[in-house]
Amino acid sequence: APRAEGTDAARGTPHGAAMALMAGSVIVDDPGLLQALPRQLPLTLMEHMEGIWVGNGVGEYPPHVPRFQFLQELIIEKAVPHGPRDLVWSFRSVTMHPETREGLRSEQGYMRFHPSAIDHGRVEIVVTSPGGLCEVNEGTYNEDTFDVWTRYGGLSRPQSASRPHVTEVRRWCEIRPQNDPMSMEYRVEVATERTPMQQHLLSRLRKQHAY
């Protein structure tokens, strides 16, 4: 039986020169419309970061927190939804005592990217922790680093949060893809009601597995 015209546009028949593309929940196979759809710029940073990272770190916060060592596992994967309009990754991190492997702290969140050029643009990172502190960090990224901090009142907490309250957070990360295995240096700086901004956590991680 003859085929209905126009039904094989995505399968390579004479009417199939246009490639079908999913845009949200709608399949678009019009060449003109395809030109207007957003294209995902390469994100070399996240191509490197996506996966499982493990390593060691050191923390301190004078005069309240003495120096301590920890192990860390960091998992980064694509969030849902994820696509050209939703350049979002999720992450979760756990730190442990280096000898007993008892859990010390954990946090999780999302990273949303807004490219302005190839491997360069703005990034927003939302972070939550079991203690109730919620961060909205904004900053910039390039092919191997990001640098974000809380701005415009980007911190919130429950009434039960203990003092001194955190007043500002900065998060900085650098990937070294030339190393084997690939390595990451990750730093968190914190300011409170009683102390100025200073380094709180420094981790040196290596990539264990890529998704």
# chains A, B, ... in the order shown; residues from 1 in each chain; ligands from 1
call {"tool": "residues_around", "arguments": {"residues": "Thr44 of chain A", "least_positions_apart": "6", "cutoff": "9 Å", "atoms": "only C-alpha atoms", "output": "number ranges by chain"}}
result
A: 118-119, 142-144
call {"tool": "residues_around", "arguments": {"residues": "Tyr152 of chain A", "least_positions_apart": "5", "cutoff": "10 Å", "atoms": "only C-alpha atoms", "output": "PyMOL selection string"}}
result
chain A and resi 136-138
call {"tool": "write_last_selection", "arguments": {"atoms": "N, CA and C atoms", "output": "compact mmCIF listing (two decimals), in the first residue's frame"}}
result
# COMPACT_ATOMS: atom_id res chain seq x y z
N VAL A 136 22.21 30.79 47.70
CA VAL A 136 22.08 31.07 46.27
C VAL A 136 23.33 31.83 45.88
N ASN A 137 24.23 31.14 45.18
CA ASN A 137 25.52 31.71 44.78
C ASN A 137 25.49 32.05 43.30
N GLU A 138 26.11 33.17 42.93
CA GLU A 138 26.20 33.57 41.53
C GLU A 138 27.63 33.98 41.23
call {"tool": "residues_around", "arguments": {"residues": "Trp149 of chain A", "least_positions_apart": "4", "cutoff": "10 Å", "atoms": "only C-alpha atoms", "output": "ChimeraX atom specification"}}
result
/A:124-125,135-140,154,168-172,188-190
call {"tool": "residues_around", "arguments": {"residues": "segment 53-59 of chain A", "least_positions_apart": "3", "cutoff": "7 Å", "atoms": "only C-alpha atoms", "output": "MDAnalysis selection string"}}
result
chainID A and resid 67:75 200:208
call {"tool": "residues_around", "arguments": {"residues": "His64 of chain A", "least_positions_apart": "2", "cutoff": "12 Å", "atoms": "only C-alpha atoms", "output": "JSON, numbers by chain"}}
result
{"A": [59, 60, 61, 62, 66, 67, 163, 164, 192, 194, 195, 200]}
call {"tool": "write_last_selection", "arguments": {"atoms": "C-alpha atoms", "output": "PDB file, in the first residue's frame"}}
result
ATOM      1  CA  GLY A  59      39.042  22.452  57.367  1.00  0.00           C
ATOM      2  CA  GLU A  60      39.340  25.126  60.029  1.00  0.00           C
ATOM      3  CA  TYR A  61      37.644  28.320  61.099  1.00  0.00           C
ATOM      4  CA  PRO A  62      39.600  30.283  63.711  1.00  0.00           C
ATOM      5  CA  PRO A  66      40.257  24.038  65.108  1.00  0.00           C
ATOM      6  CA  ARG A  67      42.044  22.463  62.146  1.00  0.00           C
ATOM      7  CA  ARG A 163      24.699  31.469  66.057  1.00  0.00           C
ATOM      8  CA  PRO A 164      26.950  32.874  64.833  1.00  0.00           C
ATOM      9  CA  THR A 192      29.853  35.088  59.901  1.00  0.00           C
ATOM     10  CA  ARG A 194      31.591  37.613  64.216  1.00  0.00           C
ATOM     11  CA  THR A 195      34.345  36.901  61.701  1.00  0.00           C
ATOM     12  CA  HIS A 200      36.903  27.210  55.828  1.00  0.00           C
TER      13      HIS A 200
END
call {"tool": "residues_around", "arguments": {"residues": "Phe91 of chain A", "least_positions_apart": "6", "cutoff": "10 Å", "atoms": "only C-alpha atoms", "output": "PyMOL selection string"}}
result
chain A and resi 50-52+74-79+107-111+125-127
call {"tool": "select_by_dssp", "arguments": {"residues": "segment 26-149 of chain A", "states": "helix (DSSP H, G or I)", "output": "VMD selection string"}}
result
chain A and resid 31 to 36 44 to 49
call {"tool": "atom_distance", "arguments": {"atom1": "atom CA of Thr150 of chain A", "atom2": "atom CA of Thr167 of chain A"}}
result
8.7 Å
call {"tool": "closest_residue", "arguments": {"among": "A:Ser129, A:Arg187, A:Ala161, A:His114", "to": "Arg92 of chain A", "atoms": "only C-alpha atoms"}}
result
A:Ser129
